[in-house]
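K.L.:
Input data_26.tsv, format and content: TSV, C-alpha atoms.
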chain	number	residue	atom	x	y	z
I	1	MET	CA	28.09	35.72	13.37
I	2	ALA	CA	25.70	36.41	16.24
I	3	THR	CA	23.31	33.66	17.26
I	4	ALA	CA	19.58	34.23	17.06
I	5	ASP	CA	17.85	35.48	20.19
I	6	PRO	CA	14.51	33.67	20.63
I	7	ALA	CA	13.12	36.78	22.35
I	8	ARG	CA	13.98	38.82	19.23
I	9	PRO	CA	13.18	36.73	16.15
I	10	GLY	CA	14.61	37.96	12.86
I	11	PHE	CA	11.21	38.67	11.32
I	12	ALA	CA	10.48	41.24	14.04
I	13	LEU	CA	13.07	43.70	12.72
I	14	PRO	CA	11.48	44.38	9.31
I	15	LEU	CA	8.03	44.45	10.90
I	16	LEU	CA	9.15	47.01	13.49
I	17	LEU	CA	10.84	49.10	10.80
I	18	LEU	CA	7.64	49.00	8.76
I	19	ALA	CA	5.55	49.85	11.83
I	20	GLY	CA	7.78	52.87	12.53
I	21	PHE	CA	7.46	53.96	8.90
I	22	ARG	CA	3.70	53.47	8.99
I	23	THR	CA	3.40	55.46	12.21
I	24	LEU	CA	5.30	58.38	10.70
I	25	ILE	CA	3.30	58.27	7.47
I	26	ASP	CA	-0.06	57.98	9.25
I	27	ASP	CA	0.84	60.90	11.53
I	28	LEU	CA	2.01	62.91	8.50
I	29	HIS	CA	-1.26	62.40	6.65
I	30	ALA	CA	-3.40	63.17	9.68
I	31	GLU	CA	-1.58	66.49	10.01
I	32	LEU	CA	-1.73	67.17	6.25
I	33	ALA	CA	-5.50	66.69	6.42
I	34	ARG	CA	-5.72	69.20	9.29
I	35	GLU	CA	-3.62	71.64	7.25
I	36	GLY	CA	-5.90	71.51	4.21
I	37	HIS	CA	-4.63	68.50	2.25
I	38	PRO	CA	-7.08	65.68	3.10
I	39	GLU	CA	-6.86	64.19	-0.41
I	40	LEU	CA	-3.14	63.34	-0.22
I	41	ARG	CA	-2.33	59.67	0.30
I	42	PRO	CA	1.05	57.99	0.94
I	43	LEU	CA	1.48	57.10	-2.74
I	44	HIS	CA	0.92	60.72	-3.76
I	45	GLY	CA	4.11	61.95	-2.09
I	46	PHE	CA	6.15	59.56	-4.23
I	47	VAL	CA	4.24	60.69	-7.32
I	48	LEU	CA	4.73	64.42	-6.67
I	49	GLN	CA	8.45	63.89	-6.10
I	50	ALA	CA	8.77	61.70	-9.19
I	51	VAL	CA	7.10	64.37	-11.35
I	52	GLY	CA	9.85	66.76	-10.27
I	53	ALA	CA	10.31	70.46	-10.84
I	54	ASP	CA	10.44	70.21	-14.63
I	55	GLY	CA	7.49	67.87	-15.10
I	56	THR	CA	7.44	64.52	-16.87
I	57	THR	CA	5.27	62.35	-19.08
I	58	ALA	CA	2.96	59.65	-17.76
I	59	THR	CA	5.22	57.01	-19.33
I	60	GLU	CA	8.33	58.41	-17.65
I	61	LEU	CA	6.43	58.76	-14.39
I	62	GLY	CA	5.44	55.08	-14.51
I	63	GLN	CA	9.08	54.12	-15.09
I	64	ARG	CA	10.28	56.29	-12.19
I	65	LEU	CA	7.67	54.77	-9.86
I	66	GLY	CA	8.10	51.20	-11.12
I	67	ILE	CA	4.44	50.98	-12.15
I	68	SER	CA	2.66	50.62	-15.49
I	69	LYS	CA	1.87	53.60	-17.70
I	70	GLN	CA	-1.83	52.86	-17.12
I	71	ALA	CA	-1.44	52.90	-13.32
I	72	ALA	CA	0.56	56.12	-13.56
I	73	GLY	CA	-2.14	57.62	-15.79
I	74	LYS	CA	-4.90	56.76	-13.31
I	75	THR	CA	-2.91	58.28	-10.44
I	76	VAL	CA	-2.23	61.41	-12.49
I	77	ASP	CA	-5.95	61.67	-13.34
I	78	ARG	CA	-6.80	61.57	-9.63
I	79	LEU	CA	-4.17	64.16	-8.70
I	80	VAL	CA	-5.25	66.44	-11.56
I	81	ALA	CA	-8.86	66.17	-10.39
I	82	VAL	CA	-7.96	67.33	-6.87
I	83	GLY	CA	-5.56	70.04	-8.04
I	84	TYR	CA	-2.11	68.64	-7.21
I	85	LEU	CA	-0.97	68.05	-10.81
I	86	GLU	CA	-1.74	69.57	-14.20
I	87	ARG	CA	-1.31	68.39	-17.77
I	88	VAL	CA	0.29	70.82	-20.22
I	89	ASP	CA	1.64	70.68	-23.76
I	90	ASP	CA	5.37	69.91	-23.96
I	91	PRO	CA	6.98	73.04	-25.41
I	92	SER	CA	9.75	70.94	-26.98
I	93	ASP	CA	7.48	68.31	-28.57
I	94	ALA	CA	3.89	69.10	-29.57
I	95	ARG	CA	3.03	65.37	-29.60
I	96	ARG	CA	3.72	65.00	-25.89
I	97	ARG	CA	1.82	66.10	-22.81
I	98	LEU	CA	3.70	66.87	-19.64
I	99	VAL	CA	2.50	66.38	-16.09
I	100	ARG	CA	3.55	69.15	-13.72
I	101	VAL	CA	3.14	69.86	-10.01
I	102	THR	CA	0.72	72.71	-9.33
I	103	PRO	CA	1.17	75.31	-6.58
I	104	ARG	CA	-1.22	73.20	-4.46
I	105	GLY	CA	1.00	70.15	-5.03
I	106	ALA	CA	4.11	72.15	-4.14
I	107	ASP	CA	2.36	73.33	-0.96
I	108	GLY	CA	1.61	69.72	-0.02
I	109	LEU	CA	5.27	68.79	-0.50
I	110	ARG	CA	6.46	71.82	1.50
I	111	ARG	CA	4.06	71.07	4.34
I	112	SER	CA	5.09	67.41	4.29
I	113	ALA	CA	8.73	68.39	4.81
I	114	GLU	CA	7.79	70.70	7.69
I	115	ILE	CA	5.60	68.04	9.31
I	116	PHE	CA	8.33	65.41	8.99
I	117	ASP	CA	10.67	67.79	10.83
I	118	ARG	CA	8.10	68.13	13.63
I	119	LEU	CA	7.55	64.36	13.77
I	120	ARG	CA	11.30	63.76	13.99
I	121	ALA	CA	11.42	66.27	16.87
I	122	GLN	CA	8.60	64.34	18.61
I	123	TRP	CA	10.56	61.10	18.26
I	124	ALA	CA	13.64	62.88	19.65
I	125	ASP	CA	11.57	64.14	22.60
I	126	THR	CA	10.39	60.58	23.31
I	127	LEU	CA	13.56	58.60	22.61
I	128	GLY	CA	16.21	61.26	23.08
I	129	PRO	CA	17.96	63.16	20.32
I	130	GLU	CA	21.09	61.00	20.54
I	131	ARG	CA	19.12	57.80	20.04
I	132	VAL	CA	17.24	59.18	17.03
I	133	THR	CA	20.51	60.38	15.47
I	134	ALA	CA	22.14	57.01	16.18
I	135	MET	CA	19.15	55.18	14.67
I	136	GLU	CA	19.39	57.33	11.52
I	137	ASP	CA	23.15	56.72	11.32
I	138	ASP	CA	22.72	52.97	11.83
I	139	LEU	CA	19.96	52.73	9.23
I	140	GLY	CA	22.15	54.73	6.84
I	141	THR	CA	24.93	52.21	7.38
I	142	MET	CA	22.67	49.24	6.70
I	143	ALA	CA	20.69	50.73	3.80
I	144	SER	CA	21.93	50.52	0.23
I	145	ALA	CA	23.80	53.49	-1.21
I	146	ASN	CA	20.76	54.48	-3.29
I	147	TRP	CA	18.33	54.32	-0.35
I	148	PHE	CA	16.12	57.17	-1.62
I	149	ARG	CA	14.17	55.45	-4.37
I	150	LEU	CA	10.90	56.57	-5.88
I	151	ASP	CA	10.02	53.11	-7.21
I	152	VAL	CA	8.67	51.97	-3.83
I	153	PRO	CA	5.06	51.88	-5.10
I	154	GLY	CA	6.00	49.43	-7.84
I	155	TRP	CA	8.24	47.45	-5.49
I	156	PHE	CA	5.44	47.05	-2.92
I	157	GLY	CA	2.91	46.22	-5.63
I	158	GLY	CA	5.16	43.91	-7.64
Let me see the structure of the file written as C-alpha cells.
P.N.:
Amino acid sequence: MATADPARPGFALPLLLLAGFRTLIDDLHAELAREGHPELRPLHGFVLQAVGADGTTATELGQRLGISKQAAGKTVDRLVAVGYLERVDDPSDARRRLVRVTPRGADGLRRSAEIFDRLRAQWADTLGPERVTAMEDDLGTMASANWFRLDVPGWFGG
C-alpha cells in the first residue's frame, strides 16, 4: 500500500473530482441558458432521464431518484410549469397519472448531450486527448460497475 503524500492529502481527491464535476455542470447550464433553457437546473437532468421515454408515475420517479414522493411531486410540478414535463392519464390504468417528457424536455436533453461533447473537447484541448481518455478509463476502473445511477439527488440529500 502506498504511503500518504503530505502534499496530496486524501481528502483532496474527492474534492477535486467534485470540483471537476461542478465545473462541467456549471458550464453546461450556462450554455443551456444561452441556448434557450435557462430554467433547467442540475437536478432536472436527473429527473428528465429518470422519467424516461415511456413516462413514469411520481411515486416511481421518487424511487428512481432516491427522494420522497412529495419531493418528486414538487419537482414535477416545477418542470410541468416551465414546459419540460407533462402529466397524462395512464392508458393502462385510469387511476394513475403518468409524467412524460415534453418535446421541450427532450430538446433540453439533446442539447445537454451536445454541450457535454463540446465540453469534453474543450478539456481535451486543454489537457490533451490522451490524458482525458486515460482519466475516463481510470475513473471507469475505480467506479462501481453500476456507476450511472439516477439516485444521486437522494444520495446527496440523504
K.L.:
For range 144-149 of chain I, work out the shell of residues within 12 Å, counting all atoms listed in the file and skipping chain neighbours fewer than 4 positions away, then give it as a ChimeraX atom specification.
P.N.:
/I:46-47,49-50,63-66,138-140,153-155
K.L.:
The selected residues should be written to file as a JSON list (two decimals), in the coordinates of the input (atoms: C-alpha atoms).
P.N.:
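Heads up, here's the output in again_26.json:
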[["chain", "number", "residue", "atom", "x", "y", "z"],
["I", 46, "PHE", "CA", 6.15, 59.56, -4.23],
["I", 47, "VAL", "CA", 4.24, 60.69, -7.32],
["I", 49, "GLN", "CA", 8.45, 63.89, -6.10],
["I", 50, "ALA", "CA", 8.77, 61.70, -9.19],
["I", 63, "GLN", "CA", 9.08, 54.12, -15.09],
["I", 64, "ARG", "CA", 10.28, 56.29, -12.19],
["I", 65, "LEU", "CA", 7.67, 54.77, -9.86],
["I", 66, "GLY", "CA", 8.10, 51.20, -11.12],
["I", 138, "ASP", "CA", 22.72, 52.97, 11.83],
["I", 139, "LEU", "CA", 19.96, 52.73, 9.23],
["I", 140, "GLY", "CA", 22.15, 54.73, 6.84],
["I", 153, "PRO", "CA", 5.06, 51.88, -5.10],
["I", 154, "GLY", "CA", 6.00, 49.43, -7.84],
["I", 155, "TRP", "CA", 8.24, 47.45, -5.49]]
K.L.:
With only C-alpha atoms as the atoms that count, which of I:Gly36, I:Val99, I:Glu86, I:Ala19 lies nearest to Arg111 in chain I?
P.N.:
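Selected residue with least distance to Arg111 in chain I: I:Gly36.
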K.L.:
For range 58-62 of chain I, work out the shell of residues within 9 Å, counting only C-alpha atoms and skipping chain neighbours fewer than 4 positions away, then give it as a list in words.
P.N.:
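Result of the neighbour search: Val47, Ala50, Val51, Gly66, Ile67, Ser68, Lys69, Gln70, Ala71, Ala72, Gly73, Val76, Arg97, Leu98, Val99, Asp151 and Gly154 of chain I.
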K.L.:
Between I:Met135, I:Met142, I:Val82, I:Ala121, single out the one closest to Pro38 in chain I, counting all atoms listed in the file.
P.N.:
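With all atoms listed in the file as the atom set, the closest residue is I:Val82.
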K.L.:
Would you kindly return, as a PyMOL selection string, each protein, DNA or RNA residue with an atom no farther than 7 Å from any atom of Gly108 in chain I, considering all atoms listed in the file and excluding same-chain residues fewer than 4 positions away?
P.N.:
chain I and resi 37+104+112
K.L.:
What does the distance from CA of Arg131 in chain I to CA of Pro14 in chain I come to in Å, to one decimal?
P.N.:
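Going from CA of Arg131 in chain I over to CA of Pro14 in chain I, I get 18.8 Å.
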